[in-house]
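Structure below is query-v6.txt: compact mmCIF, C-alpha atoms.
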```txt
# COMPACT_ATOMS: atom_id res chain seq x y z
CA MET A 67 0.00 0.00 0.00
CA SER A 68 1.14 3.53 -0.70
CA ASP A 69 -0.33 6.99 -0.94
CA ASP A 70 0.60 7.39 -4.64
CA ILE A 71 -2.04 8.93 -6.87
CA ARG A 72 -1.68 8.32 -10.60
CA LEU A 73 -3.62 9.98 -13.38
CA SER A 74 -5.89 7.34 -14.86
CA GLY A 75 -8.03 9.17 -17.40
CA THR A 76 -10.61 11.83 -18.05
CA THR A 77 -14.38 11.41 -18.22
CA VAL A 78 -16.35 13.72 -20.50
CA ASN A 79 -20.11 14.34 -20.39
CA ALA A 80 -21.99 13.56 -23.60
CA PRO A 81 -25.52 13.20 -24.95
CA ASP A 82 -24.51 9.71 -26.21
CA ALA A 83 -21.35 8.25 -24.68
CA LEU A 84 -20.72 5.59 -27.32
CA ALA A 85 -21.24 7.96 -30.25
CA LEU A 86 -18.67 10.36 -28.83
CA ALA A 87 -16.26 7.52 -28.03
CA LEU A 88 -16.56 6.31 -31.63
CA PHE A 89 -15.71 9.82 -32.89
CA TYR A 90 -12.56 9.97 -30.74
CA ALA A 91 -11.63 6.41 -31.70
CA GLU A 92 -11.76 7.42 -35.36
CA LEU A 93 -9.82 10.60 -34.64
CA THR A 94 -7.03 8.90 -32.69
CA GLY A 95 -6.99 5.38 -34.12
CA GLY A 96 -8.11 4.02 -30.76
CA ASP A 97 -10.73 1.43 -29.82
CA ALA A 98 -14.19 2.34 -28.49
CA LEU A 99 -16.12 0.12 -26.08
CA GLY A 100 -19.31 0.62 -24.12
CA SER A 101 -22.87 1.78 -24.51
CA ALA A 102 -24.81 5.02 -24.97
CA HIS A 103 -24.60 5.49 -21.18
CA TRP A 104 -20.87 4.81 -20.57
CA ALA A 105 -18.07 4.27 -23.05
CA THR A 106 -14.32 4.51 -23.36
CA VAL A 107 -11.83 5.03 -26.12
CA SER A 108 -8.32 3.78 -25.57
CA GLY A 109 -5.21 3.73 -27.64
CA PRO A 110 -1.45 3.65 -27.32
CA ASN A 111 -1.30 7.11 -25.74
CA GLY A 112 -4.16 7.08 -23.24
CA CYS A 113 -7.80 6.55 -22.44
CA ILE A 114 -10.84 8.85 -22.33
CA ALA A 115 -14.19 7.85 -20.84
CA PHE A 116 -17.59 9.30 -21.72
CA GLN A 117 -20.76 9.37 -19.64
CA GLN A 118 -24.24 10.07 -20.92
CA VAL A 119 -25.96 13.09 -19.36
CA ASP A 120 -29.69 13.62 -19.97
CA ASP A 121 -29.63 17.43 -19.86
CA PHE A 122 -26.32 17.85 -21.69
CA CYS A 123 -25.73 21.37 -23.03
CA PRO A 124 -22.68 21.83 -25.27
CA PRO A 125 -20.23 24.55 -24.24
CA VAL A 126 -19.94 27.75 -26.25
CA TRP A 127 -16.45 28.73 -27.48
CA PRO A 128 -15.62 31.39 -26.64
CA GLY A 129 -18.48 32.45 -24.47
CA ALA A 130 -20.06 32.59 -21.07
CA ASP A 131 -23.60 31.28 -21.67
CA VAL A 132 -22.41 27.67 -21.33
CA PRO A 133 -18.71 28.05 -20.46
CA MET A 134 -16.11 25.51 -21.44
CA GLN A 135 -15.01 23.71 -18.28
CA MET A 136 -12.28 21.62 -19.88
CA HIS A 137 -10.92 20.68 -23.27
CA LEU A 138 -8.73 17.98 -24.71
CA ASP A 139 -5.38 18.68 -26.38
CA PHE A 140 -3.86 16.40 -29.00
CA TYR A 141 -0.26 16.69 -30.16
CA VAL A 142 0.13 16.53 -33.95
CA ASP A 143 2.92 16.98 -36.49
CA ASP A 144 0.84 18.52 -39.29
CA LEU A 145 -2.02 20.91 -38.42
CA GLU A 146 -3.55 20.92 -41.90
CA ALA A 147 -3.54 17.15 -42.44
CA THR A 148 -4.85 16.31 -38.97
CA GLY A 149 -7.40 19.12 -39.17
CA ALA A 150 -8.77 17.65 -42.40
CA ARG A 151 -8.93 14.23 -40.73
CA ALA A 152 -10.80 15.70 -37.73
CA VAL A 153 -13.36 17.41 -39.97
CA ALA A 154 -13.84 14.22 -42.00
CA ALA A 155 -14.56 12.38 -38.73
CA GLY A 156 -17.26 14.91 -37.77
CA ALA A 157 -15.45 17.78 -36.03
CA THR A 158 -16.09 21.44 -36.76
CA ARG A 159 -13.23 23.95 -36.95
CA LEU A 160 -14.26 26.87 -34.75
CA ASP A 161 -14.02 30.50 -35.83
CA PHE A 162 -12.11 31.82 -32.80
CA GLN A 163 -8.47 30.67 -33.04
CA PRO A 164 -6.36 32.39 -30.36
CA ASN A 165 -3.13 30.42 -31.02
CA SER A 166 -3.25 29.66 -34.73
CA ASP A 167 0.54 29.75 -35.04
CA HIS A 168 0.70 26.32 -33.36
CA CYS A 169 -2.84 25.21 -32.50
CA PHE A 170 -6.31 24.96 -34.05
CA VAL A 171 -9.51 24.64 -32.01
CA TYR A 172 -12.29 22.29 -33.13
CA ALA A 173 -15.58 21.12 -31.66
CA ASP A 174 -16.39 17.42 -31.44
CA PRO A 175 -19.88 16.23 -32.50
CA ALA A 176 -21.20 16.94 -28.97
CA GLY A 177 -19.80 20.50 -29.07
CA HIS A 178 -16.77 20.05 -26.78
CA PRO A 179 -13.81 22.17 -27.91
CA PHE A 180 -10.56 20.29 -28.46
CA CYS A 181 -7.20 21.38 -29.78
CA LEU A 182 -4.82 19.95 -32.33
CA SER A 183 -1.45 21.42 -31.48
CA THR A 184 2.13 21.21 -32.67
CA TRP A 185 3.27 22.43 -29.25
CA GLU A 186 4.55 19.42 -27.36
CA PRO A 187 4.56 19.86 -23.59
CA THR A 188 7.63 18.63 -21.80
```
Written as structure tokens, how would this file's structure read?
Amino acid sequence: MSDDIRLSGTTVNAPDALALALFYAELTGGDALGSAHWATVSGPNGCIAFQQVDDFCPPVWPGADVPMQMHLDFYVDDLEATGARAVAAGATRLDFQPNSDHCFVYADPAGHPFCLSTWEPT
């Protein structure tokens, strides 16, 4: 026994957990498992879980009516190629792009903003 705490994953609210997991599986090349109520997508670089919420309201980017409470960042080598892949999978490139020199902001099919970025954290 120890008091170590390790990051395990992130759970994201969704109107349909499996549909959103399938989107992220296509985006990342991962595998989606679960149901409309609870699903996960996992791949070589991590795992994201999704939970169905009856009164789900997508966040507004940027905005305060339904503020973004979190977003996912994905490291990429080529912003244009991966952006085209994201749009083909069902993402929407958002109009407001505060860091377009190294990062583009998209919305997933449920409306959650996520970033494709060439900035690799250390």
Quiz item: What is the distance between atom CA of A:Thr148 and atom CA of A:Ala85, in Å to one decimal?
Solution: 20.4 Å
Determine, counting all atoms listed in the file, which protein, DNA and RNA residues have an atom within 6 Å of an atom of A:Phe116; residues of the same chain fewer than 3 positions away are not included. Present the result as a PDB file with C-alpha atoms, in the frame of the given file.
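out.pdb was written with the following content:
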```
ATOM      1  CA  THR A  77     -14.380  11.410 -18.220  1.00  0.00           C
ATOM      2  CA  VAL A  78     -16.350  13.720 -20.500  1.00  0.00           C
ATOM      3  CA  ASN A  79     -20.110  14.340 -20.390  1.00  0.00           C
ATOM      4  CA  ALA A  83     -21.350   8.250 -24.680  1.00  0.00           C
ATOM      5  CA  TRP A 104     -20.870   4.810 -20.570  1.00  0.00           C
ATOM      6  CA  ALA A 105     -18.070   4.270 -23.050  1.00  0.00           C
TER       7      ALA A 105
END
```
Quiz item: Taking all atoms listed in the file into account, which of A:Leu182, A:Ala80, A:Met136, A:Ala173 comes nearest A:Cys123?
Solution: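 Of A:Leu182, A:Ala80, A:Met136, A:Ala173, the one nearest A:Cys123 is A:Ala80, counting all atoms listed in the file.
Each of A:Ala98, A:Leu86, A:Cys113, A:Ala91 was compared to A:Ser74 using only C-alpha atoms, and A:Cys113 turns out to be the nearest.
Across the model, the gap from atom CA of A:Asp82 to atom CA of A:Gln163 is 27.3 Å.
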Practice problem: Measuring atom to atom with all atoms listed in the file, identify which of A:Asn111, A:Met67, A:Tyr172, A:His137 is nearest to A:Arg151. | Solution: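 Of the candidates, the smallest distance to A:Arg151 is held by A:Tyr172.
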Self-check item: Residue with smallest distance to A:Thr94 - pool A:Pro124, A:Gly75, A:Pro81, A:Gly112, counting only C-alpha atoms
Solution: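 Going through A:Pro124, A:Gly75, A:Pro81, A:Gly112 one by one, the smallest distance to A:Thr94 is for A:Gly112.
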Self-check item: Distance in Å - atom CA of A:Ala115 versus atom CA of A:Thr76
Solution: 6.0 Å
